[in-house]
Number of protein chains: 2
Amino acid sequence: MAPPASPKPLRADTERTVRAILEAGEQVLSANPAATMEQIAEAAGVARTTVHRRFASREALITALAAWATQRFHEAVEAARPQTAPPAVALYQVTANVLRVKTGWGFAMGALPTDAPEVARVHADVLAQCAQLFVRLRDAGVLPPDTDLDWARRVYYALIHEAASQAPDTDAALDSLATRVVETLLHGIGTSTAN
Amino acid sequence: MAPPASPKPLRADTERTVRAILEAGEQVLSANPAATMEQIAEAAGVARTTVHRRFASREALITALAAWATQRFHEAVEAARPQTAPPAVALYQVTANVLRVKTGWGFAMGALPTDAPEVARVHADVLAQCAQLFVRLRDAGVLPPDTDLDWARRVYYALIHEAASQAPDTDAALDSLATRVVETLLHGIGTSTAN
DNA sequence: AAGACTTGCAACATCGATGACGCATGTTCT
DNA sequence: AGAACATGCGTCATCGATGTTGCAAGTCTT
């Protein structure tokens, strides 16, 4: 559907519209997965027919949306260099980057059993990088050797998801949130001397 | 809609059907919030018309579903005596009880901005009890004095939600899960000596 | 067993969402 | 400026989901 080299350079006009629709779609659908095309169009500031012109069907929009959101998510992870940076640093960077991007992506990531080929691949890649990062964290001694890495990853996702529910408005707030997520992930919320 | 003393004792027949529909509704809608009445009816093993006979409209079903799930949730919390039991014990008990009940209630709790009067009241009550429990945990020294109680509660919810994604089949598995949730909540997943 | 109630089935009506056009009016690119 | 393209708007067709009703067969209560 979307070859690496775009076959036709879209007109500036069109690209803006497509972006607006995708962003609005993410926004609206995350709030209500059963939202209508009209609601999405309205949120995007375009006519309903325009949405249909750009995306043949509702399903096509959903797929494109998943691909788009996944792409942005992937970029956020990549930018943290999780493979090469010191694992503790990478963990923080990934957290901050993802929190910046994820302003209500709960839809495109969670509620989407997208069976599109490309999306699944990128998604799996992100998952693998995340898993790899946790392995490095364990090997670096940040996590104990007997850590259940699957549980660790899921807790991490859950914390990020929760933290992302309040959108940070400034960079300071973003860093504050990321710090909180990492701290909670590693040390929990109890008194460190307990148990 | 549902006075404390039920005006007419339902026939055994009817009650079974209603329960089946509610359970199926919870199950199906948590998997797909946009599921049709037919899918719910099918999952409940009844005809679609029967669903409409018991619940006037789709909205009525959703509302009843919210009320029902909230009720079960409330019972699970109550049974742990969060106000009187030692806070650490209560935390564990609440966790275990909720995990037992919540086999895919992600729908009725999260995706439901139900504005029904009774539901909202019970929901608020549960929230208050949870908040109160965290206050008691803090006062008991399990949590540090400067704990952000709102963040603590949200992390707790998120962890339970995550843990509930894999339904425990035995009591042992249930306790194992509850332990894991409480441990993670208090100590995180990092090495305890770190930082 | 008899009456009251419930369920399944089939048929029907309705309504909103989806999707497709054509046309007049902007926008963009060259 | 001029060609090419995108958009908004109104219109129309279609389809699936919702909700209703009548009737025959089954289930529960007493």
# chains A, B, ... in the order shown; residues from 1 in each chain; ligands from 1

$ residues_around --residues "segment 121-133 of chain B" --least-positions-apart "2" --cutoff "12 Å" --atoms "only C-alpha atoms (C1' of nucleotides)" --output "ChimeraX atom specification"
/B:66-95,98,108-110,112-119,135-140,142-143,148-154,156-157

$ select_by_dssp --residues "chain A" --states "helix (DSSP H, G or I)" --output "VMD selection string"
chain A and resid 12 to 31 37 to 44 48 to 54 58 to 78 87 to 101 106 to 109 117 to 139 149 to 163 171 to 187

$ write_last_selection --atoms "C-alpha atoms" --output "compact mmCIF listing (two decimals), in the first residue's frame"
# COMPACT_ATOMS: atom_id res chain seq x y z
CA ALA A 12 1.34 20.21 -0.09
CA ASP A 13 -2.38 20.71 0.15
CA THR A 14 -3.16 17.03 0.27
CA GLU A 15 -0.50 16.16 2.75
CA ARG A 16 -1.82 18.67 5.23
CA THR A 17 -5.31 17.26 4.88
CA VAL A 18 -4.15 13.67 5.28
CA ARG A 19 -2.20 14.56 8.37
CA ALA A 20 -5.14 16.42 9.83
CA ILE A 21 -7.40 13.45 9.25
CA LEU A 22 -4.96 11.01 10.78
CA GLU A 23 -4.40 13.15 13.84
CA ALA A 24 -8.09 13.76 14.27
CA GLY A 25 -8.74 10.07 13.75
CA GLU A 26 -6.30 9.16 16.47
CA GLN A 27 -7.78 11.73 18.78
CA VAL A 28 -11.43 10.92 18.20
CA LEU A 29 -11.13 7.15 17.97
CA SER A 30 -9.08 6.91 21.12
CA ALA A 31 -11.92 8.62 22.93
CA MET A 37 -16.50 9.16 9.89
CA GLU A 38 -18.39 12.43 10.23
CA GLN A 39 -17.08 13.00 13.73
CA ILE A 40 -13.55 12.36 12.53
CA ALA A 41 -14.03 14.65 9.57
CA GLU A 42 -15.43 17.37 11.79
CA ALA A 43 -12.51 17.07 14.19
CA ALA A 44 -10.13 17.28 11.24
CA ARG A 48 -16.88 13.93 5.31
CA THR A 49 -16.56 13.26 1.61
CA THR A 50 -12.95 14.39 1.70
CA VAL A 51 -12.15 11.69 4.19
CA HIS A 52 -13.64 9.14 1.83
CA ARG A 53 -11.66 10.60 -1.02
CA ARG A 54 -8.39 10.05 0.84
CA ARG A 58 -13.35 3.07 7.06
CA GLU A 59 -11.14 0.05 7.36
CA ALA A 60 -8.56 1.70 5.12
CA LEU A 61 -8.50 4.69 7.42
CA ILE A 62 -8.03 2.48 10.46
CA THR A 63 -5.18 0.65 8.78
CA ALA A 64 -3.48 3.85 7.67
CA LEU A 65 -3.96 5.21 11.15
CA ALA A 66 -2.33 2.18 12.68
CA ALA A 67 0.55 2.41 10.27
CA TRP A 68 1.02 6.10 10.95
CA ALA A 69 0.85 5.84 14.73
CA THR A 70 3.10 2.81 14.74
CA GLN A 71 5.59 4.69 12.63
CA ARG A 72 5.71 7.63 15.01
CA PHE A 73 6.01 5.22 17.90
CA HIS A 74 8.86 3.47 16.19
CA GLU A 75 10.69 6.72 15.58
CA ALA A 76 10.33 7.65 19.24
CA VAL A 77 11.96 4.41 20.28
CA GLU A 78 14.68 4.55 17.64
CA PRO A 87 20.56 0.84 29.23
CA ALA A 88 19.50 3.04 32.12
CA VAL A 89 19.86 6.11 29.93
CA ALA A 90 18.05 4.45 27.08
CA LEU A 91 15.19 3.49 29.38
CA TYR A 92 14.72 7.09 30.36
CA GLN A 93 15.03 8.37 26.83
CA VAL A 94 12.59 5.86 25.44
CA THR A 95 10.14 6.76 28.15
CA ALA A 96 10.39 10.47 27.51
CA ASN A 97 10.23 10.10 23.73
CA VAL A 98 7.23 7.83 23.81
CA LEU A 99 5.43 10.05 26.28
CA ARG A 100 5.96 12.98 23.95
CA VAL A 101 4.47 11.17 20.98
CA GLY A 106 -4.23 4.19 23.30
CA PHE A 107 -6.37 3.45 20.29
CA ALA A 108 -3.86 2.80 17.55
CA MET A 109 -1.74 0.57 19.76
CA PRO A 117 1.77 -6.82 7.03
CA GLU A 118 3.90 -3.71 7.43
CA VAL A 119 2.30 -2.51 10.64
CA ALA A 120 2.77 -5.86 12.31
CA ARG A 121 6.41 -5.89 11.31
CA VAL A 122 7.20 -2.49 12.75
CA HIS A 123 5.18 -3.29 15.80
CA ALA A 124 7.11 -6.50 16.36
CA ASP A 125 10.35 -4.59 15.86
CA VAL A 126 9.44 -2.12 18.59
CA LEU A 127 8.50 -4.98 20.86
CA ALA A 128 11.80 -6.70 20.20
CA GLN A 129 13.79 -3.56 20.88
CA CYS A 130 11.94 -3.09 24.11
CA ALA A 131 12.58 -6.69 25.13
CA GLN A 132 16.22 -6.31 24.19
CA LEU A 133 16.48 -3.18 26.29
CA PHE A 134 15.18 -5.06 29.31
CA VAL A 135 17.72 -7.80 28.74
CA ARG A 136 20.45 -5.18 28.73
CA LEU A 137 19.02 -3.65 31.88
CA ARG A 138 19.13 -7.05 33.55
CA ASP A 139 22.69 -7.73 32.38
CA LEU A 149 11.10 -9.89 31.49
CA ASP A 150 7.62 -10.26 30.05
CA TRP A 151 6.01 -9.00 33.21
CA ALA A 152 8.58 -6.20 33.35
CA ARG A 153 7.74 -5.08 29.85
CA ARG A 154 4.02 -5.21 30.49
CA VAL A 155 4.34 -3.19 33.66
CA TYR A 156 6.40 -0.68 31.76
CA TYR A 157 3.76 -0.37 29.05
CA ALA A 158 1.04 0.01 31.65
CA LEU A 159 2.91 2.74 33.48
CA ILE A 160 3.57 4.65 30.31
CA HIS A 161 -0.04 4.31 29.30
CA GLU A 162 -1.14 5.62 32.66
CA ALA A 163 1.33 8.47 32.67
CA ASP A 171 9.39 19.90 28.58
CA ALA A 172 9.79 20.12 32.33
CA ALA A 173 6.50 18.32 32.85
CA LEU A 174 7.55 15.73 30.32
CA ASP A 175 10.79 15.00 32.12
CA SER A 176 9.00 14.96 35.41
CA LEU A 177 6.57 12.37 34.10
CA ALA A 178 9.30 10.24 32.57
CA THR A 179 11.25 10.32 35.81
CA ARG A 180 8.21 9.26 37.73
CA VAL A 181 7.55 6.36 35.39
CA VAL A 182 11.12 5.08 35.55
CA GLU A 183 11.33 5.49 39.32
CA THR A 184 8.04 3.71 39.86
CA LEU A 185 9.03 0.95 37.48
CA LEU A 186 12.29 0.30 39.27
CA HIS A 187 11.43 1.01 42.89

$ calpha_fit_and_write --fixed "chain A" --moving "chain B" --output "mmCIF file with C-alpha atoms, in the first residue's frame"
data_model
loop_
_atom_site.group_PDB
_atom_site.id
_atom_site.type_symbol
_atom_site.label_atom_id
_atom_site.label_comp_id
_atom_site.auth_asym_id
_atom_site.auth_seq_id
_atom_site.Cartn_x
_atom_site.Cartn_y
_atom_site.Cartn_z
ATOM 1 C CA MET B 1 0.176 -0.104 0.058
ATOM 2 C CA ALA B 2 2.954 2.434 0.795
ATOM 3 C CA PRO B 3 6.237 1.619 -0.954
ATOM 4 C CA PRO B 4 9.384 3.143 0.586
ATOM 5 C CA ALA B 5 9.749 5.589 -2.298
ATOM 6 C CA SER B 6 6.400 7.366 -2.621
ATOM 7 C CA PRO B 7 5.292 6.913 -6.227
ATOM 8 C CA LYS B 8 3.766 10.383 -6.482
ATOM 9 C CA PRO B 9 4.920 13.345 -4.426
ATOM 10 C CA LEU B 10 1.715 14.528 -2.830
ATOM 11 C CA ARG B 11 0.627 18.086 -3.212
ATOM 12 C CA ALA B 12 1.284 20.251 -0.156
ATOM 13 C CA ASP B 13 -2.439 20.699 0.075
ATOM 14 C CA THR B 14 -3.218 17.026 0.206
ATOM 15 C CA GLU B 15 -0.552 16.166 2.687
ATOM 16 C CA ARG B 16 -1.882 18.674 5.164
ATOM 17 C CA THR B 17 -5.359 17.227 4.839
ATOM 18 C CA VAL B 18 -4.181 13.667 5.255
ATOM 19 C CA ARG B 19 -2.218 14.570 8.345
ATOM 20 C CA ALA B 20 -5.168 16.446 9.805
ATOM 21 C CA ILE B 21 -7.425 13.446 9.244
ATOM 22 C CA LEU B 22 -4.948 11.023 10.779
ATOM 23 C CA GLU B 23 -4.398 13.172 13.832
ATOM 24 C CA ALA B 24 -8.104 13.765 14.260
ATOM 25 C CA GLY B 25 -8.732 10.077 13.769
ATOM 26 C CA GLU B 26 -6.274 9.166 16.485
ATOM 27 C CA GLN B 27 -7.762 11.760 18.799
ATOM 28 C CA VAL B 28 -11.401 10.919 18.236
ATOM 29 C CA LEU B 29 -11.082 7.156 18.014
ATOM 30 C CA SER B 30 -9.013 6.916 21.167
ATOM 31 C CA ALA B 31 -11.867 8.640 22.974
ATOM 32 C CA ASN B 32 -14.522 6.551 21.272
ATOM 33 C CA PRO B 33 -13.578 3.563 19.123
ATOM 34 C CA ALA B 34 -17.038 3.559 17.594
ATOM 35 C CA ALA B 35 -16.881 7.155 16.434
ATOM 36 C CA THR B 36 -18.338 7.860 13.010
ATOM 37 C CA MET B 37 -16.511 9.123 9.947
ATOM 38 C CA GLU B 38 -18.418 12.358 10.282
ATOM 39 C CA GLN B 39 -17.086 12.951 13.775
ATOM 40 C CA ILE B 40 -13.556 12.323 12.574
ATOM 41 C CA ALA B 41 -14.055 14.605 9.599
ATOM 42 C CA GLU B 42 -15.457 17.311 11.817
ATOM 43 C CA ALA B 43 -12.528 17.044 14.210
ATOM 44 C CA ALA B 44 -10.166 17.255 11.259
ATOM 45 C CA GLY B 45 -11.957 20.307 9.933
ATOM 46 C CA VAL B 46 -12.818 18.741 6.597
ATOM 47 C CA ALA B 47 -15.931 17.470 4.899
ATOM 48 C CA ARG B 48 -16.910 13.867 5.347
ATOM 49 C CA THR B 49 -16.587 13.219 1.610
ATOM 50 C CA THR B 50 -12.976 14.343 1.702
ATOM 51 C CA VAL B 51 -12.180 11.653 4.217
ATOM 52 C CA HIS B 52 -13.659 9.094 1.874
ATOM 53 C CA ARG B 53 -11.691 10.546 -0.990
ATOM 54 C CA ARG B 54 -8.406 10.023 0.856
ATOM 55 C CA PHE B 55 -9.310 6.734 2.488
ATOM 56 C CA ALA B 56 -11.440 4.406 0.448
ATOM 57 C CA SER B 57 -13.136 2.798 3.409
ATOM 58 C CA ARG B 58 -13.345 3.044 7.139
ATOM 59 C CA GLU B 59 -11.123 0.028 7.423
ATOM 60 C CA ALA B 60 -8.551 1.688 5.163
ATOM 61 C CA LEU B 61 -8.499 4.685 7.455
ATOM 62 C CA ILE B 62 -8.010 2.494 10.494
ATOM 63 C CA THR B 63 -5.182 0.647 8.815
ATOM 64 C CA ALA B 64 -3.473 3.847 7.700
ATOM 65 C CA LEU B 65 -3.945 5.223 11.167
ATOM 66 C CA ALA B 66 -2.311 2.199 12.700
ATOM 67 C CA ALA B 67 0.566 2.425 10.266
ATOM 68 C CA TRP B 68 1.047 6.109 10.955
ATOM 69 C CA ALA B 69 0.883 5.850 14.725
ATOM 70 C CA THR B 70 3.120 2.811 14.739
ATOM 71 C CA GLN B 71 5.625 4.686 12.624
ATOM 72 C CA ARG B 72 5.748 7.622 14.998
ATOM 73 C CA PHE B 73 6.039 5.232 17.888
ATOM 74 C CA HIS B 74 8.891 3.465 16.179
ATOM 75 C CA GLU B 75 10.732 6.721 15.572
ATOM 76 C CA ALA B 76 10.360 7.658 19.215
ATOM 77 C CA VAL B 77 11.991 4.409 20.274
ATOM 78 C CA GLU B 78 14.702 4.546 17.634
ATOM 79 C CA ALA B 79 15.719 8.056 18.602
ATOM 80 C CA ALA B 80 16.687 6.772 22.037
ATOM 81 C CA ARG B 81 19.300 4.377 20.536
ATOM 82 C CA PRO B 82 18.141 1.582 22.852
ATOM 83 C CA GLN B 83 20.718 -0.837 21.427
ATOM 84 C CA THR B 84 23.811 1.241 22.056
ATOM 85 C CA ALA B 85 23.186 3.808 24.750
ATOM 86 C CA PRO B 86 23.719 2.748 28.369
ATOM 87 C CA PRO B 87 20.570 0.824 29.240
ATOM 88 C CA ALA B 88 19.519 3.033 32.132
ATOM 89 C CA VAL B 89 19.873 6.096 29.943
ATOM 90 C CA ALA B 90 18.058 4.443 27.080
ATOM 91 C CA LEU B 91 15.203 3.483 29.378
ATOM 92 C CA TYR B 92 14.743 7.083 30.367
ATOM 93 C CA GLN B 93 15.060 8.364 26.827
ATOM 94 C CA VAL B 94 12.605 5.855 25.432
ATOM 95 C CA THR B 95 10.149 6.753 28.138
ATOM 96 C CA ALA B 96 10.421 10.475 27.498
ATOM 97 C CA ASN B 97 10.256 10.109 23.718
ATOM 98 C CA VAL B 98 7.257 7.844 23.795
ATOM 99 C CA LEU B 99 5.459 10.065 26.251
ATOM 100 C CA ARG B 100 5.990 13.004 23.925
ATOM 101 C CA VAL B 101 4.506 11.193 20.953
ATOM 102 C CA LYS B 102 1.759 9.314 22.666
ATOM 103 C CA THR B 103 -0.886 11.935 23.321
ATOM 104 C CA GLY B 104 -3.767 9.558 23.340
ATOM 105 C CA TRP B 105 -2.535 6.739 21.173
ATOM 106 C CA GLY B 106 -4.326 4.247 23.379
ATOM 107 C CA PHE B 107 -6.384 3.498 20.325
ATOM 108 C CA ALA B 108 -3.840 2.832 17.623
ATOM 109 C CA MET B 109 -1.708 0.632 19.833
ATOM 110 C CA GLY B 110 -4.068 -1.276 22.069
ATOM 111 C CA ALA B 111 -7.454 -1.557 20.496
ATOM 112 C CA LEU B 112 -5.980 -2.437 17.137
ATOM 113 C CA PRO B 113 -5.588 -6.075 16.153
ATOM 114 C CA THR B 114 -4.343 -4.836 12.806
ATOM 115 C CA ASP B 115 -3.348 -7.658 10.538
ATOM 116 C CA ALA B 116 -1.625 -5.418 8.044
ATOM 117 C CA PRO B 117 1.783 -6.819 7.069
ATOM 118 C CA GLU B 118 3.925 -3.710 7.438
ATOM 119 C CA VAL B 119 2.327 -2.508 10.642
ATOM 120 C CA ALA B 120 2.775 -5.837 12.328
ATOM 121 C CA ARG B 121 6.437 -5.905 11.318
ATOM 122 C CA VAL B 122 7.223 -2.473 12.758
ATOM 123 C CA HIS B 123 5.215 -3.277 15.827
ATOM 124 C CA ALA B 124 7.138 -6.478 16.350
ATOM 125 C CA ASP B 125 10.364 -4.586 15.858
ATOM 126 C CA VAL B 126 9.475 -2.114 18.577
ATOM 127 C CA LEU B 127 8.525 -4.960 20.850
ATOM 128 C CA ALA B 128 11.824 -6.705 20.175
ATOM 129 C CA GLN B 129 13.816 -3.564 20.871
ATOM 130 C CA CYS B 130 11.957 -3.090 24.109
ATOM 131 C CA ALA B 131 12.572 -6.684 25.122
ATOM 132 C CA GLN B 132 16.229 -6.328 24.199
ATOM 133 C CA LEU B 133 16.493 -3.196 26.302
ATOM 134 C CA PHE B 134 15.167 -5.056 29.306
ATOM 135 C CA VAL B 135 17.694 -7.817 28.749
ATOM 136 C CA ARG B 136 20.438 -5.205 28.747
ATOM 137 C CA LEU B 137 19.015 -3.672 31.898
ATOM 138 C CA ARG B 138 19.107 -7.046 33.565
ATOM 139 C CA ASP B 139 22.647 -7.768 32.426
ATOM 140 C CA ALA B 140 23.712 -4.360 33.706
ATOM 141 C CA GLY B 141 22.392 -5.238 37.134
ATOM 142 C CA VAL B 142 19.595 -2.702 37.096
ATOM 143 C CA LEU B 143 17.149 -5.572 37.164
ATOM 144 C CA PRO B 144 17.679 -8.752 39.174
ATOM 145 C CA PRO B 145 18.818 -11.821 37.216
ATOM 146 C CA ASP B 146 15.577 -13.688 37.846
ATOM 147 C CA THR B 147 13.374 -10.912 36.497
ATOM 148 C CA ASP B 148 10.306 -11.979 34.530
ATOM 149 C CA LEU B 149 11.055 -9.889 31.464
ATOM 150 C CA ASP B 150 7.597 -10.262 30.012
ATOM 151 C CA TRP B 151 5.969 -8.987 33.170
ATOM 152 C CA ALA B 152 8.530 -6.193 33.315
ATOM 153 C CA ARG B 153 7.721 -5.060 29.815
ATOM 154 C CA ARG B 154 3.995 -5.185 30.447
ATOM 155 C CA VAL B 155 4.312 -3.179 33.630
ATOM 156 C CA TYR B 156 6.397 -0.663 31.740
ATOM 157 C CA TYR B 157 3.765 -0.344 29.020
ATOM 158 C CA ALA B 158 1.030 0.031 31.613
ATOM 159 C CA LEU B 159 2.896 2.765 33.447
ATOM 160 C CA ILE B 160 3.577 4.698 30.267
ATOM 161 C CA HIS B 161 -0.024 4.342 29.259
ATOM 162 C CA GLU B 162 -1.145 5.637 32.612
ATOM 163 C CA ALA B 163 1.325 8.497 32.632
ATOM 164 C CA ALA B 164 0.296 9.509 29.136
ATOM 165 C CA SER B 165 -3.260 10.100 30.269
ATOM 166 C CA GLN B 166 -2.219 13.509 31.474
ATOM 167 C CA ALA B 167 -0.609 15.232 28.512
ATOM 168 C CA PRO B 168 2.535 17.100 29.512
ATOM 169 C CA ASP B 169 2.486 20.690 28.257
ATOM 170 C CA THR B 170 6.097 21.654 28.887
ATOM 171 C CA ASP B 171 9.435 19.895 28.574
ATOM 172 C CA ALA B 172 9.818 20.120 32.325
ATOM 173 C CA ALA B 173 6.533 18.337 32.838
ATOM 174 C CA LEU B 174 7.564 15.729 30.309
ATOM 175 C CA ASP B 175 10.807 15.000 32.132
ATOM 176 C CA SER B 176 8.996 14.963 35.420
ATOM 177 C CA LEU B 177 6.572 12.377 34.093
ATOM 178 C CA ALA B 178 9.307 10.245 32.561
ATOM 179 C CA THR B 179 11.226 10.323 35.814
ATOM 180 C CA ARG B 180 8.186 9.264 37.714
ATOM 181 C CA VAL B 181 7.532 6.359 35.364
ATOM 182 C CA VAL B 182 11.098 5.069 35.542
ATOM 183 C CA GLU B 183 11.286 5.483 39.311
ATOM 184 C CA THR B 184 8.005 3.702 39.831
ATOM 185 C CA LEU B 185 8.989 0.949 37.460
ATOM 186 C CA LEU B 186 12.257 0.300 39.273
ATOM 187 C CA HIS B 187 11.396 1.008 42.887
ATOM 188 C CA GLY B 188 7.626 0.953 43.146
ATOM 189 C CA ILE B 189 5.796 3.359 45.392
ATOM 190 C CA GLY B 190 6.538 1.793 48.751
ATOM 191 C CA THR B 191 9.166 2.842 51.277
ATOM 192 C CA SER B 192 12.492 1.542 49.999
ATOM 193 C CA THR B 193 13.402 0.046 53.377
ATOM 194 C CA ALA B 194 10.260 -2.048 53.619
ATOM 195 C CA ASN B 195 10.159 -5.825 53.374
#

$ interface_residues --of "chain C" --to "chain A" --cutoff "12 Å" --atoms "only C-alpha atoms (C1' of nucleotides)" --output "compact mmCIF listing (two decimals) with N, CA and C atoms (P, O5', C5', C4', C3', O3' and C1' of nucleotides), in the first residue's frame"
# COMPACT_ATOMS: atom_id res chain seq x y z
P DG C 16 -31.59 8.73 12.81
O5' DG C 16 -30.04 8.39 12.77
C5' DG C 16 -29.49 7.49 13.71
C4' DG C 16 -28.30 6.78 13.10
C3' DG C 16 -27.24 7.72 12.51
O3' DG C 16 -25.96 7.26 12.91
C1' DG C 16 -27.91 6.16 10.88
P DA C 17 -24.69 8.19 12.65
O5' DA C 17 -23.75 7.23 11.79
C5' DA C 17 -23.67 5.86 12.13
C4' DA C 17 -22.97 5.11 11.03
C3' DA C 17 -21.83 5.88 10.36
O3' DA C 17 -20.69 5.03 10.21
C1' DA C 17 -23.42 5.19 8.74
P DT C 18 -19.38 5.60 9.52
O5' DT C 18 -19.46 4.94 8.09
C5' DT C 18 -19.79 3.56 7.97
C4' DT C 18 -19.96 3.18 6.52
C3' DT C 18 -18.85 3.69 5.59
O3' DT C 18 -18.34 2.60 4.84
C1' DT C 18 -20.99 4.25 4.73
P DG C 19 -16.88 2.74 4.19
O5' DG C 19 -17.25 3.20 2.70
C5' DG C 19 -18.12 2.39 1.94
C4' DG C 19 -18.62 3.14 0.73
C3' DG C 19 -17.57 4.00 -0.01
O3' DG C 19 -17.44 3.52 -1.33
C1' DG C 19 -19.62 5.14 0.22
P DA C 20 -16.50 4.25 -2.37
O5' DA C 20 -17.56 4.93 -3.35
C5' DA C 20 -18.67 4.17 -3.82
C4' DA C 20 -19.49 4.98 -4.83
C3' DA C 20 -18.63 5.79 -5.80
O3' DA C 20 -19.25 5.81 -7.08
C1' DA C 20 -20.02 7.24 -4.56
P DC C 21 -18.28 5.98 -8.32
O5' DC C 21 -18.66 7.36 -8.99
C5' DC C 21 -19.08 8.45 -8.21
C4' DC C 21 -20.22 9.21 -8.86
C3' DC C 21 -19.73 10.34 -9.76
O3' DC C 21 -20.44 10.37 -10.97
C1' DC C 21 -20.94 11.19 -7.84
P DG C 26 -14.65 30.81 -4.14
O5' DG C 26 -13.27 30.31 -4.78
C5' DG C 26 -12.07 30.56 -4.10
C4' DG C 26 -11.63 29.39 -3.23
C3' DG C 26 -10.14 29.40 -2.93
O3' DG C 26 -9.88 28.87 -1.65
C1' DG C 26 -10.67 27.51 -4.28
P DT C 27 -8.54 29.44 -0.86
O5' DT C 27 -7.49 28.24 -0.90
C5' DT C 27 -7.39 27.57 -2.10
C4' DT C 27 -6.32 26.50 -2.02
C3' DT C 27 -4.89 27.01 -1.96
O3' DT C 27 -4.07 26.04 -1.36
C1' DT C 27 -5.34 26.08 -4.10
P DT C 28 -2.48 26.48 -1.09
O5' DT C 28 -1.74 25.64 -2.23
C5' DT C 28 -2.17 24.33 -2.50
C4' DT C 28 -1.43 23.70 -3.67
C3' DT C 28 0.05 24.08 -3.79
O3' DT C 28 0.79 22.91 -4.10
C1' DT C 28 -1.08 24.56 -5.80
P DC C 29 2.44 22.91 -3.84
O5' DC C 29 2.95 22.83 -5.35
C5' DC C 29 2.59 21.70 -6.12
C4' DC C 29 2.68 22.02 -7.62
C3' DC C 29 4.09 22.40 -8.11
O3' DC C 29 4.42 21.54 -9.19
C1' DC C 29 2.45 23.93 -8.91

$ atom_distance --atom1 "atom C1' of DA10 of chain C" --atom2 "atom C1' of DT20 of chain D"
12.5 Å

$ residues_around --residues "DA24 of chain D" --least-positions-apart "4" --cutoff "12 Å" --atoms "only C-alpha atoms (C1' of nucleotides)" --output "list in words"
DT7, DG8, DC9 and DA10 of chain C

$ closest_atom_pairs --of "chain D" --to "chain B" --cutoff "9 Å" --atoms "only C-alpha atoms (C1' of nucleotides)" --output "CSV"
residue,atom,partner,partner_atom,distance
D:DA17,C1',B:Thr36,CA,7.2
D:DT18,C1',B:Arg58,CA,8.1
D:DG19,C1',B:His52,CA,7.4
D:DT27,C1',B:Asp13,CA,7.6
D:DC28,C1',B:Asp13,CA,7.1
D:DT29,C1',B:Arg11,CA,8.7

$ residues_around --residues "DC23 of chain C" --least-positions-apart "4" --cutoff "12 Å" --atoms "only C-alpha atoms (C1' of nucleotides)" --output "list of chain:residue names"
D:DT7, D:DG8, D:DC9, D:DG10, D:DT11
